[in-house]
$ cat final19.pdb   # PDB, C-alpha atoms
ATOM      1  CA  MET A   1       7.493  48.022  23.556
ATOM      2  CA  LYS A   2       4.938  48.478  20.824
ATOM      3  CA  ALA A   3       5.222  47.516  17.206
ATOM      4  CA  ARG A   4       3.094  48.040  14.159
ATOM      5  CA  VAL A   5       3.043  45.423  11.437
ATOM      6  CA  THR A   6       1.615  46.460   8.097
ATOM      7  CA  VAL A   7       0.636  43.760   5.618
ATOM      8  CA  THR A   8       0.011  44.764   2.025
ATOM      9  CA  LEU A   9      -0.689  42.919  -1.197
ATOM     10  CA  LYS A  10       2.274  42.467  -3.501
ATOM     11  CA  ASN A  11       2.317  44.436  -6.718
ATOM     12  CA  GLY A  12       0.395  42.705  -9.460
ATOM     13  CA  VAL A  13      -1.918  40.788  -7.108
ATOM     14  CA  LEU A  14      -5.487  41.628  -8.029
ATOM     15  CA  ASP A  15      -7.303  43.405  -5.177
ATOM     16  CA  PRO A  16     -11.054  43.423  -5.862
ATOM     17  CA  GLN A  17     -11.761  45.069  -2.485
ATOM     18  CA  GLY A  18      -9.340  47.896  -3.265
ATOM     19  CA  LYS A  19     -10.981  48.308  -6.660
ATOM     20  CA  ALA A  20     -14.448  48.494  -5.080
ATOM     21  CA  ILE A  21     -13.241  51.100  -2.563
ATOM     22  CA  GLU A  22     -11.664  53.078  -5.401
ATOM     23  CA  GLY A  23     -14.982  53.004  -7.259
ATOM     24  CA  ALA A  24     -16.853  54.104  -4.120
ATOM     25  CA  LEU A  25     -14.465  57.019  -3.564
ATOM     26  CA  LYS A  26     -14.989  58.135  -7.138
ATOM     27  CA  SER A  27     -18.764  57.923  -6.787
ATOM     28  CA  LEU A  28     -18.494  60.029  -3.607
ATOM     29  CA  GLY A  29     -16.812  62.706  -5.666
ATOM     30  CA  VAL A  30     -13.397  62.362  -4.006
ATOM     31  CA  GLU A  31     -11.052  63.712  -6.620
ATOM     32  CA  GLY A  32      -7.569  62.704  -7.652
ATOM     33  CA  VAL A  33      -7.728  59.042  -6.618
ATOM     34  CA  ASP A  34      -5.700  56.946  -9.042
ATOM     35  CA  GLY A  35      -5.764  53.636  -7.221
ATOM     36  CA  VAL A  36      -6.553  51.955  -3.870
ATOM     37  CA  ARG A  37      -4.915  48.857  -2.416
ATOM     38  CA  GLN A  38      -6.329  47.478   0.836
ATOM     39  CA  GLY A  39      -4.051  46.081   3.528
ATOM     40  CA  LYS A  40      -4.001  45.180   7.223
ATOM     41  CA  VAL A  41      -2.434  46.764  10.300
ATOM     42  CA  PHE A  42      -1.536  44.871  13.484
ATOM     43  CA  ASP A  43      -0.586  46.768  16.636
ATOM     44  CA  ILE A  44       1.417  44.423  18.799
ATOM     45  CA  VAL A  45       2.504  44.893  22.398
ATOM     46  CA  LEU A  46       5.750  43.148  23.315
ATOM     47  CA  ASN A  47       7.340  42.459  26.659
ATOM     48  CA  GLY A  48      11.077  42.837  27.207
ATOM     49  CA  THR A  49      13.378  45.577  25.990
ATOM     50  CA  ASP A  50      15.613  43.765  23.530
ATOM     51  CA  LYS A  51      14.697  45.277  20.202
ATOM     52  CA  ALA A  52      16.643  42.810  18.064
ATOM     53  CA  ARG A  53      14.941  39.929  19.792
ATOM     54  CA  ALA A  54      11.536  41.528  19.370
ATOM     55  CA  GLU A  55      12.202  42.151  15.712
ATOM     56  CA  ALA A  56      13.155  38.504  15.196
ATOM     57  CA  ALA A  57       9.961  37.390  16.944
ATOM     58  CA  LEU A  58       7.860  39.713  14.819
ATOM     59  CA  LYS A  59       9.521  38.451  11.660
ATOM     60  CA  THR A  60       8.621  34.899  12.679
ATOM     61  CA  ALA A  61       5.062  36.035  13.404
ATOM     62  CA  CYS A  62       4.782  37.588   9.949
ATOM     63  CA  GLU A  63       6.280  34.633   8.095
ATOM     64  CA  LYS A  64       4.282  32.047  10.037
ATOM     65  CA  LEU A  65       0.906  33.703  10.326
ATOM     66  CA  LEU A  66       0.310  37.413   9.831
ATOM     67  CA  ALA A  67       1.189  37.499   6.141
ATOM     68  CA  ASN A  68       0.651  34.986   3.378
ATOM     69  CA  THR A  69       3.974  35.609   1.681
ATOM     70  CA  VAL A  70       2.683  34.136  -1.579
ATOM     71  CA  ILE A  71       0.647  37.302  -2.111
ATOM     72  CA  GLU A  72       1.549  39.702   0.693
ATOM     73  CA  ASN A  73       4.463  41.819   1.878
ATOM     74  CA  TYR A  74       4.933  42.943   5.471
ATOM     75  CA  ARG A  75       6.641  45.822   7.196
ATOM     76  CA  ILE A  76       7.623  45.990  10.859
ATOM     77  CA  GLU A  77       7.958  49.304  12.699
ATOM     78  CA  PHE A  78       8.498  50.065  16.373
ATOM     79  CA  VAL A  79       6.207  52.742  17.698
ATOM     80  CA  GLY A  80       6.393  54.545  21.050
TER
ATOM     81  CA  MET B   1     -10.958   3.087   3.568
ATOM     82  CA  LYS B   2     -10.512   4.551   7.020
ATOM     83  CA  ALA B   3     -11.336   8.247   7.049
ATOM     84  CA  ALA B   4     -10.806  10.963   9.637
ATOM     85  CA  VAL B   5     -12.605  14.314   9.454
ATOM     86  CA  VAL B   6     -10.862  17.206  11.192
ATOM     87  CA  VAL B   7     -13.148  19.621  13.021
ATOM     88  CA  PHE B   8     -11.968  23.178  13.635
ATOM     89  CA  PRO B   9     -13.862  25.821  15.603
ATOM     90  CA  GLY B  10     -16.239  27.137  12.927
ATOM     91  CA  SER B  11     -16.283  24.066  10.674
ATOM     92  CA  ASN B  12     -19.880  23.389   9.667
ATOM     93  CA  ARG B  13     -19.859  20.881   6.810
ATOM     94  CA  GLU B  14     -18.323  17.978   8.692
ATOM     95  CA  GLY B  15     -21.719  16.299   9.097
ATOM     96  CA  ASP B  16     -22.345  16.405   5.354
ATOM     97  CA  VAL B  17     -19.002  14.901   4.426
ATOM     98  CA  ILE B  18     -19.261  12.255   7.141
ATOM     99  CA  ARG B  19     -22.639  11.245   5.743
ATOM    100  CA  ALA B  20     -21.276  11.109   2.172
ATOM    101  CA  LEU B  21     -18.296   8.984   3.225
ATOM    102  CA  HIS B  22     -20.457   6.722   5.342
ATOM    103  CA  GLN B  23     -22.821   6.180   2.424
ATOM    104  CA  ALA B  24     -19.980   5.387   0.002
ATOM    105  CA  THR B  25     -17.699   3.317   2.231
ATOM    106  CA  GLY B  26     -20.103   1.733   4.693
ATOM    107  CA  HIS B  27     -17.996   3.028   7.580
ATOM    108  CA  ALA B  28     -18.520   6.146   9.637
ATOM    109  CA  PRO B  29     -15.398   8.339   9.575
ATOM    110  CA  GLN B  30     -13.918   9.450  12.863
ATOM    111  CA  LYS B  31     -14.070  13.093  13.906
ATOM    112  CA  ILE B  32     -10.752  14.585  15.004
ATOM    113  CA  TRP B  33     -10.449  17.770  17.039
ATOM    114  CA  HIS B  34      -8.054  20.378  15.650
ATOM    115  CA  ALA B  35      -6.017  20.551  18.866
ATOM    116  CA  ASP B  36      -5.149  16.848  18.705
ATOM    117  CA  HIS B  37      -1.629  15.978  17.649
ATOM    118  CA  GLU B  38      -2.202  12.598  16.071
ATOM    119  CA  LEU B  39      -4.464  10.982  13.535
ATOM    120  CA  PRO B  40      -6.094   7.646  14.400
ATOM    121  CA  GLN B  41      -3.843   4.730  13.556
ATOM    122  CA  GLY B  42      -4.432   3.347  10.070
ATOM    123  CA  THR B  43      -6.057   6.512   8.693
ATOM    124  CA  ASP B  44      -6.165   6.352   4.869
ATOM    125  CA  LEU B  45      -7.939   9.630   4.224
ATOM    126  CA  VAL B  46      -8.010  12.936   6.101
ATOM    127  CA  VAL B  47     -10.822  15.350   5.263
ATOM    128  CA  LEU B  48     -10.762  19.062   6.047
ATOM    129  CA  PRO B  49     -14.435  20.030   5.792
ATOM    130  CA  GLY B  50     -16.077  23.264   4.741
ATOM    131  CA  GLY B  51     -17.181  26.031   7.039
ATOM    132  CA  PHE B  52     -15.694  29.174   8.498
ATOM    133  CA  SER B  53     -12.832  28.028  10.699
ATOM    134  CA  TYR B  54     -11.939  30.730  13.220
ATOM    135  CA  GLY B  55     -14.620  32.928  11.667
ATOM    136  CA  ASP B  56     -12.396  33.489   8.614
ATOM    137  CA  TYR B  57     -10.340  35.822  10.838
ATOM    138  CA  LEU B  58      -7.041  37.113   9.437
ATOM    139  CA  ARG B  59      -7.397  35.219   6.118
ATOM    140  CA  CYS B  60      -9.686  32.296   5.329
ATOM    141  CA  GLY B  61      -8.011  29.132   6.578
ATOM    142  CA  ALA B  62      -4.955  30.969   7.927
ATOM    143  CA  ILE B  63      -5.350  30.117  11.607
ATOM    144  CA  ALA B  64      -6.633  26.576  10.996
ATOM    145  CA  GLY B  65      -3.688  26.025   8.638
ATOM    146  CA  ARG B  66      -1.389  26.366  11.679
ATOM    147  CA  ALA B  67      -3.460  24.197  14.036
ATOM    148  CA  ALA B  68      -1.744  21.430  15.997
ATOM    149  CA  ILE B  69      -3.342  18.636  13.965
ATOM    150  CA  MET B  70      -1.957  20.073  10.712
ATOM    151  CA  ASP B  71       1.546  18.759  11.461
ATOM    152  CA  ALA B  72       0.049  15.277  11.548
ATOM    153  CA  VAL B  73      -1.864  15.985   8.337
ATOM    154  CA  ARG B  74       1.351  17.177   6.677
ATOM    155  CA  ALA B  75       3.159  14.028   7.807
ATOM    156  CA  HIS B  76       0.254  11.899   6.533
ATOM    157  CA  ALA B  77       0.422  13.617   3.139
ATOM    158  CA  ALA B  78       4.210  13.277   3.001
ATOM    159  CA  LYS B  79       3.798   9.523   3.419
ATOM    160  CA  GLY B  80       1.435   9.491   0.435
ATOM    161  CA  GLY B  81      -1.747   9.409   2.540
ATOM    162  CA  LEU B  82      -4.899  10.886   1.027
ATOM    163  CA  VAL B  83      -6.071  14.369   2.028
ATOM    164  CA  LEU B  84      -9.255  16.059   0.819
ATOM    165  CA  GLY B  85     -10.028  19.703   1.533
ATOM    166  CA  ILE B  86     -13.428  21.057   0.569
ATOM    167  CA  CYS B  87     -14.191  24.787   0.438
ATOM    168  CA  ASN B  88     -12.723  26.151   3.702
ATOM    169  CA  GLY B  89     -10.711  22.906   3.703
ATOM    170  CA  PHE B  90      -9.154  23.946   0.372
ATOM    171  CA  GLN B  91      -8.353  27.363   1.854
ATOM    172  CA  ILE B  92      -6.704  25.611   4.811
ATOM    173  CA  LEU B  93      -4.655  23.409   2.448
ATOM    174  CA  VAL B  94      -3.219  26.386   0.569
ATOM    175  CA  GLU B  95      -2.580  28.296   3.815
ATOM    176  CA  SER B  96      -0.779  25.310   5.309
ATOM    177  CA  GLY B  97       1.436  24.921   2.256
ATOM    178  CA  LEU B  98       0.038  21.517   1.279
ATOM    179  CA  LEU B  99      -1.194  22.962  -2.019
ATOM    180  CA  PRO B 100       0.207  25.918  -3.996
ATOM    181  CA  GLY B 101      -1.497  29.229  -4.735
ATOM    182  CA  VAL B 102      -4.068  31.194  -2.793
ATOM    183  CA  LEU B 103      -7.843  31.736  -2.680
ATOM    184  CA  MET B 104      -8.729  35.405  -2.899
ATOM    185  CA  ARG B 105     -12.015  37.258  -2.543
ATOM    186  CA  ASN B 106     -14.416  36.406  -5.394
ATOM    187  CA  ALA B 107     -13.899  38.735  -8.351
ATOM    188  CA  GLY B 108     -17.486  40.022  -7.987
ATOM    189  CA  LEU B 109     -16.969  40.541  -4.207
ATOM    190  CA  LYS B 110     -20.176  38.648  -3.404
ATOM    191  CA  PHE B 111     -20.619  35.436  -1.452
ATOM    192  CA  ILE B 112     -21.910  32.968  -4.052
ATOM    193  CA  CYS B 113     -24.262  30.149  -3.093
ATOM    194  CA  LYS B 114     -25.678  28.276  -6.082
ATOM    195  CA  MET B 115     -25.538  25.177  -8.221
ATOM    196  CA  GLN B 116     -22.499  25.039 -10.485
ATOM    197  CA  HIS B 117     -21.294  22.760 -13.268
ATOM    198  CA  LEU B 118     -17.774  21.406 -13.187
ATOM    199  CA  LYS B 119     -15.669  19.600 -15.727
ATOM    200  CA  VAL B 120     -13.797  16.661 -14.256
ATOM    201  CA  GLY B 121     -10.094  16.530 -15.153
ATOM    202  CA  ARG B 122      -8.096  13.328 -15.039
ATOM    203  CA  THR B 123      -9.827  10.205 -13.738
ATOM    204  CA  ASP B 124      -6.794   8.133 -12.787
ATOM    205  CA  THR B 125      -6.671   9.458  -9.210
ATOM    206  CA  ALA B 126      -8.031   8.146  -5.921
ATOM    207  CA  PHE B 127     -10.614  10.945  -5.969
ATOM    208  CA  THR B 128     -12.078  10.735  -9.464
ATOM    209  CA  SER B 129     -11.857   7.152 -10.757
ATOM    210  CA  ALA B 130     -15.649   6.759 -10.668
ATOM    211  CA  TYR B 131     -16.072   9.660 -13.116
ATOM    212  CA  THR B 132     -15.323   9.652 -16.837
ATOM    213  CA  ASP B 133     -12.724  11.901 -18.496
ATOM    214  CA  GLY B 134     -14.159  15.356 -19.134
ATOM    215  CA  GLN B 135     -17.472  14.481 -17.455
ATOM    216  CA  VAL B 136     -19.635  17.476 -16.577
ATOM    217  CA  ILE B 137     -21.120  17.283 -13.094
ATOM    218  CA  LYS B 138     -23.484  19.572 -11.210
ATOM    219  CA  VAL B 139     -22.652  20.343  -7.595
ATOM    220  CA  ALA B 140     -23.074  23.249  -5.180
ATOM    221  CA  ILE B 141     -20.760  26.156  -4.466
ATOM    222  CA  ALA B 142     -20.980  28.372  -1.399
ATOM    223  CA  HIS B 143     -18.032  30.687  -0.845
ATOM    224  CA  GLY B 144     -16.883  34.281  -0.674
ATOM    225  CA  GLU B 145     -13.190  33.566  -1.212
ATOM    226  CA  GLY B 146     -12.824  31.030  -4.009
ATOM    227  CA  ASN B 147     -10.906  33.023  -6.561
ATOM    228  CA  TYR B 148      -7.897  30.796  -7.209
ATOM    229  CA  ILE B 149      -4.718  32.740  -7.893
ATOM    230  CA  ALA B 150      -1.177  31.480  -8.409
ATOM    231  CA  ASP B 151       1.923  32.957  -9.993
ATOM    232  CA  GLU B 152       2.584  32.212 -13.641
ATOM    233  CA  GLU B 153       5.189  29.570 -12.935
ATOM    234  CA  THR B 154       2.940  27.664 -10.497
ATOM    235  CA  LEU B 155       0.043  27.819 -12.926
ATOM    236  CA  LYS B 156       2.219  26.522 -15.752
ATOM    237  CA  ARG B 157       3.366  23.697 -13.539
ATOM    238  CA  LEU B 158      -0.188  22.763 -12.477
ATOM    239  CA  GLU B 159      -1.307  22.675 -16.103
ATOM    240  CA  GLY B 160       1.849  20.944 -17.346
ATOM    241  CA  GLU B 161       1.561  18.223 -14.716
ATOM    242  CA  ASN B 162      -2.174  17.832 -15.321
ATOM    243  CA  ARG B 163      -3.014  18.733 -11.721
ATOM    244  CA  VAL B 164      -6.243  20.687 -12.259
ATOM    245  CA  ALA B 165      -8.872  18.365 -10.797
ATOM    246  CA  PHE B 166     -12.023  20.321 -11.676
ATOM    247  CA  ARG B 167     -12.823  23.427 -13.714
ATOM    248  CA  TYR B 168     -15.909  25.639 -13.636
ATOM    249  CA  CYS B 169     -17.993  25.253 -16.782
ATOM    250  CA  ASP B 170     -21.557  25.620 -18.037
ATOM    251  CA  ALA B 171     -24.086  22.812 -18.476
ATOM    252  CA  GLN B 172     -22.592  21.990 -21.871
ATOM    253  CA  GLY B 173     -19.077  21.798 -20.471
ATOM    254  CA  LYS B 174     -17.958  25.095 -21.970
ATOM    255  CA  LEU B 175     -15.296  26.798 -19.859
ATOM    256  CA  GLY B 176     -14.728  30.480 -19.207
ATOM    257  CA  GLY B 177     -16.896  33.572 -19.431
ATOM    258  CA  ASP B 178     -19.978  33.574 -17.247
ATOM    259  CA  ALA B 179     -19.409  29.924 -16.334
ATOM    260  CA  ASN B 180     -16.551  31.038 -14.070
ATOM    261  CA  PRO B 181     -18.311  32.257 -10.915
ATOM    262  CA  ASN B 182     -15.442  33.779  -8.985
ATOM    263  CA  GLY B 183     -12.635  34.839 -11.319
ATOM    264  CA  SER B 184     -10.360  31.841 -10.676
ATOM    265  CA  LEU B 185      -7.407  31.658 -13.045
ATOM    266  CA  ASN B 186      -7.900  29.040 -15.781
ATOM    267  CA  ASP B 187     -11.387  28.351 -14.310
ATOM    268  CA  ILE B 188      -9.751  26.291 -11.569
ATOM    269  CA  ALA B 189     -12.192  24.806  -9.045
ATOM    270  CA  GLY B 190      -9.835  22.207  -7.582
ATOM    271  CA  ILE B 191      -6.201  21.102  -7.743
ATOM    272  CA  TYR B 192      -4.020  18.143  -6.787
ATOM    273  CA  SER B 193      -0.660  18.016  -5.079
ATOM    274  CA  ASP B 194       2.305  16.840  -7.155
ATOM    275  CA  ARG B 195       1.754  13.236  -6.061
ATOM    276  CA  LEU B 196      -2.022  13.424  -6.617
ATOM    277  CA  ASN B 197      -2.746  12.363  -3.030
ATOM    278  CA  VAL B 198      -3.948  15.779  -1.841
ATOM    279  CA  LEU B 199      -7.034  17.358  -3.426
ATOM    280  CA  GLY B 200      -8.393  20.797  -2.627
ATOM    281  CA  MET B 201     -11.642  22.002  -4.178
ATOM    282  CA  MET B 202     -14.053  24.887  -3.567
ATOM    283  CA  PRO B 203     -17.312  23.143  -4.632
ATOM    284  CA  HIS B 204     -19.287  20.838  -2.348
ATOM    285  CA  PRO B 205     -19.686  17.320  -3.783
ATOM    286  CA  GLU B 206     -20.821  16.152  -0.321
ATOM    287  CA  ASN B 207     -24.047  18.104  -0.745
ATOM    288  CA  LEU B 208     -25.032  16.316  -3.967
ATOM    289  CA  ILE B 209     -25.442  12.724  -2.869
ATOM    290  CA  GLU B 210     -29.241  12.426  -2.722
ATOM    291  CA  HIS B 211     -31.848  12.900  -5.458
ATOM    292  CA  LEU B 212     -34.046  14.512  -2.831
ATOM    293  CA  VAL B 213     -31.723  17.505  -2.517
ATOM    294  CA  GLY B 214     -30.811  18.198  -6.113
ATOM    295  CA  GLY B 215     -28.812  15.319  -7.532
ATOM    296  CA  ILE B 216     -26.148  12.714  -6.962
ATOM    297  CA  ASP B 217     -23.274  14.022  -9.074
ATOM    298  CA  GLY B 218     -21.144  14.351  -5.950
ATOM    299  CA  ARG B 219     -21.282  10.655  -5.185
ATOM    300  CA  GLY B 220     -18.592   9.856  -7.745
ATOM    301  CA  LEU B 221     -15.923  11.449  -5.584
ATOM    302  CA  PHE B 222     -16.825   9.412  -2.523
ATOM    303  CA  ASP B 223     -17.314   6.216  -4.540
ATOM    304  CA  SER B 224     -13.829   6.773  -5.962
ATOM    305  CA  LEU B 225     -12.411   7.165  -2.453
ATOM    306  CA  ALA B 226     -14.254   4.056  -1.285
ATOM    307  CA  LYS B 227     -12.408   2.080  -3.951
ATOM    308  CA  ALA B 228      -9.067   3.688  -3.259
ATOM    309  CA  ARG B 229      -6.381   2.588  -0.896
ATOM    310  CA  ALA B 230      -3.713   4.962   0.328
ATOM    311  CA  ALA B 231      -0.473   4.581  -1.604
TER
END
$ encode --input "final19.pdb" --output "C-alpha cells"
Amino acid sequence: MKARVTVTLKNGVLDPQGKAIEGALKSLGVEGVDGVRQGKVFDIVLNGTDKARAEAALKTACEKLLANTVIENYRIEFVG
Amino acid sequence: MKAAVVVFPGSNREGDVIRALHQATGHAPQKIWHADHELPQGTDLVVLPGGFSYGDYLRCGAIAGRAAIMDAVRAHAAKGGLVLGICNGFQILVESGLLPGVLMRNAGLKFICKMQHLKVGRTDTAFTSAYTDGQVIKVAIAHGEGNYIADEETLKRLEGENRVAFRYCDAQGKLGGDANPNGSLNDIAGIYSDRLNVLGMMPHPENLIEHLVGGIDGRGLFDSLAKARAA
C-alpha cells in the first residue's frame, strides 16, 4: 500500500519562501499567478492491507512528526 | 550548578557552551548523547546547544525534538529543572512542545551571521539575574530560521506574563525596524516557559565570553546560571 501525505501551511501563516517563488515566477513572465504557498509531499510505503489501520498510523505520523500542527495542516491520501 | 549538554547528530556549538559554563561555574558540564534515556543524577541545568541537528531535515529541530533524551528533558522541566536552548536548541524546544510558537524562515530568506544587540527583559530569573533591567547587550546571531511566530493568543499571553526574555534592538536599545534581523513578531529573540525555568533564544551568548573574540556580554547569562539553583 502506498500513501501520499501532503503538508501545507495554514491560512494566515506567513510563507516567505512562497512569496519569493511567486516573485520569481512573475519575473520569469509567467502570467496569472496570484499567490504561491510552498508545502511538502511525503510518499510513504506501508506494509499490510488494513487501510483503517494504515490511516491511523499515518495520522499518528503526521501529528507526531511530519507536520507541526501549530502552523501546518496535513492531508492523507492512498495512492495505487 | 550541575549542567548537562545534549549532543544531537549535527550539533556544533556544544563546545562553546561547555566552555562558557565551565568558565562561569568552575565545573565542566557533562555531554549527553541524544539516544540516552536519562539525564545524569542531580542535573540542575540541561542545555540544548546550537547547530544543525539532523541537517535541519523536515523542519529545524523537528527530529531532535522527538529524540529519546527529550522525554527526560521534558520530565526535568516538569519538575522545575532548568533548560536552556540556544539557536537550534530553541528550535528543538518549540518543536518538542516545551515552549510555544514556531521559528520560521527569516523574513529576508537569508542565513544571517552577524553581531546583534539585544534588550534584556526581566532580570529575576535564573538566566538573567546578572544583567540589569532593560540592559542592552551585544551578542552574535547565526541562523536561517529565527523568525519567531505565534498565534495572537499565545503572543498576548507571553507579553502579559512577561515571558519575553530578550528582544532584538539597535545599539541604543531601540526596538523594531531594521534592528529586527529576521521578522520575529514583537522583536522576540528569546522566551521563557510559564514557570520561567525553560529559556529558548536564537542568539549565541556562549560566543561572547572573551574580549579576544568580540566582547563579554554573553557572560551574564552563564554567571546568572552559576548563581542559580534549580527550583
$ closest_residue --input "final19.pdb" --among "A:Ala20, A:Gly48, A:Asn68, A:Asp15" --to "A:Met1" --atoms "only C-alpha atoms"
A:Gly48
$ closest_residue --input "final19.pdb" --among "B:Thr123, B:Tyr131, B:Lys156, B:Gly10" --to "B:Tyr57" --atoms "only C-alpha atoms"
B:Gly10
$ residues_around --input "final19.pdb" --residues "B:Leu48" --least-positions-apart "6" --cutoff "9 Å" --atoms "only C-alpha atoms" --output "list in words"
Ala4, Val5, Val6, Val7, Phe8, Ser11, Glu14, Val83, Leu84, Gly85, Ile86, Cys87, Asn88, Gly89, Phe90, Ile92 and Leu93 of chain B
$ resolve_selection --input "final19.pdb" --expression "the PyMOL selection byres ((chain B) within 7 of (chain A))" --output "number ranges by chain"
B: 62, 107, 109
$ closest_residue --input "final19.pdb" --among "A:Gly18, A:Val79, A:Glu72, A:Asn47" --to "A:Val33" --atoms "only C-alpha atoms"
A:Gly18
$ closest_residue --input "final19.pdb" --among "B:Ile112, B:Leu185, B:Ala226, B:Ala130" --to "B:Tyr148" --atoms "all atoms listed in the file"
B:Leu185
$ atom_distance --input "final19.pdb" --atom1 "atom CA of B:Val94" --atom2 "atom CA of B:Ala28"
26.9 Å
$ atom_distance --input "final19.pdb" --atom1 "atom CA of B:Ile69" --atom2 "atom CA of B:Ile18"
18.5 Å
$ resolve_selection --input "final19.pdb" --expression "the PyMOL selection byres ((chain B and resi 205) around 12)" --output "ChimeraX atom specification"
/B:13,16-17,19-21,49-50,84-87,115-118,127-128,137-142,166,189-190,200-204,206-210,214-223
$ resolve_selection --input "final19.pdb" --expression "the PyMOL selection byres ((chain A and resi 34) around 12)" --output "ChimeraX atom specification"
/A:18-19,21-23,25-26,30-33,35-37
$ closest_residue --input "final19.pdb" --among "B:Gly55, B:Ala150, B:Asp71, B:Gly15" --to "B:Ala35" --atoms "only C-alpha atoms"
B:Asp71
$ closest_residue --input "final19.pdb" --among "B:Cys60, B:Ile149, B:Leu196, B:Ala165" --to "B:Ala78" --atoms "all atoms listed in the file"
B:Leu196
$ atom_distance --input "final19.pdb" --atom1 "atom CA of A:Thr6" --atom2 "atom CA of A:Gly39"
7.3 Å
$ decode --input "final19.pdb" --residues "stretch 57-78 of chain A" --atoms "N, CA and C atoms" --output "compact mmCIF listing (two decimals), in the first residue's frame"
# COMPACT_ATOMS: atom_id res chain seq x y z
N ALA A 57 -2.14 4.89 11.55
CA ALA A 57 -0.67 5.03 11.71
C ALA A 57 -0.18 6.32 11.06
N LEU A 58 -0.73 6.61 9.89
CA LEU A 58 -0.30 7.82 9.18
C LEU A 58 -0.72 9.08 9.93
N LYS A 59 -1.88 9.01 10.56
CA LYS A 59 -2.36 10.16 11.33
C LYS A 59 -1.39 10.40 12.50
N THR A 60 -1.00 9.31 13.15
CA THR A 60 -0.02 9.43 14.24
C THR A 60 1.28 10.03 13.73
N ALA A 61 1.71 9.54 12.55
CA ALA A 61 2.96 10.04 11.96
C ALA A 61 2.88 11.55 11.72
N CYS A 62 1.74 11.98 11.21
CA CYS A 62 1.56 13.41 10.91
C CYS A 62 1.56 14.23 12.20
N GLU A 63 0.79 13.77 13.18
CA GLU A 63 0.65 14.54 14.42
C GLU A 63 1.97 14.57 15.19
N LYS A 64 2.71 13.46 15.14
CA LYS A 64 3.93 13.36 15.95
C LYS A 64 5.14 13.96 15.27
N LEU A 65 5.19 13.92 13.95
CA LEU A 65 6.43 14.33 13.30
C LEU A 65 6.27 15.10 11.99
N LEU A 66 5.49 14.55 11.07
CA LEU A 66 5.53 15.10 9.70
C LEU A 66 5.03 16.53 9.61
N ALA A 67 4.05 16.87 10.45
CA ALA A 67 3.53 18.24 10.42
C ALA A 67 3.74 18.89 11.78
N ASN A 68 4.00 20.18 11.77
CA ASN A 68 3.97 20.95 13.01
C ASN A 68 2.59 21.58 13.03
N THR A 69 1.68 21.00 13.81
CA THR A 69 0.28 21.38 13.71
C THR A 69 0.00 22.79 14.24
N VAL A 70 1.03 23.43 14.79
CA VAL A 70 0.87 24.84 15.16
C VAL A 70 0.69 25.68 13.89
N ILE A 71 1.41 25.31 12.84
CA ILE A 71 1.40 26.14 11.63
C ILE A 71 1.00 25.37 10.37
N GLU A 72 0.91 24.04 10.47
CA GLU A 72 0.69 23.26 9.25
C GLU A 72 -0.55 22.37 9.31
N ASN A 73 -1.16 22.17 8.16
CA ASN A 73 -2.22 21.18 8.00
C ASN A 73 -1.65 19.99 7.24
N TYR A 74 -2.30 18.83 7.37
CA TYR A 74 -1.85 17.68 6.58
C TYR A 74 -3.05 16.99 5.94
N ARG A 75 -2.75 16.30 4.84
CA ARG A 75 -3.79 15.54 4.16
C ARG A 75 -3.23 14.18 3.81
N ILE A 76 -3.98 13.14 4.06
CA ILE A 76 -3.53 11.77 3.78
C ILE A 76 -4.35 11.21 2.62
N GLU A 77 -3.65 10.69 1.61
CA GLU A 77 -4.36 10.02 0.50
C GLU A 77 -3.71 8.68 0.25
N PHE A 78 -4.49 7.69 -0.15
CA PHE A 78 -3.91 6.42 -0.57
C PHE A 78 -3.77 6.42 -2.08
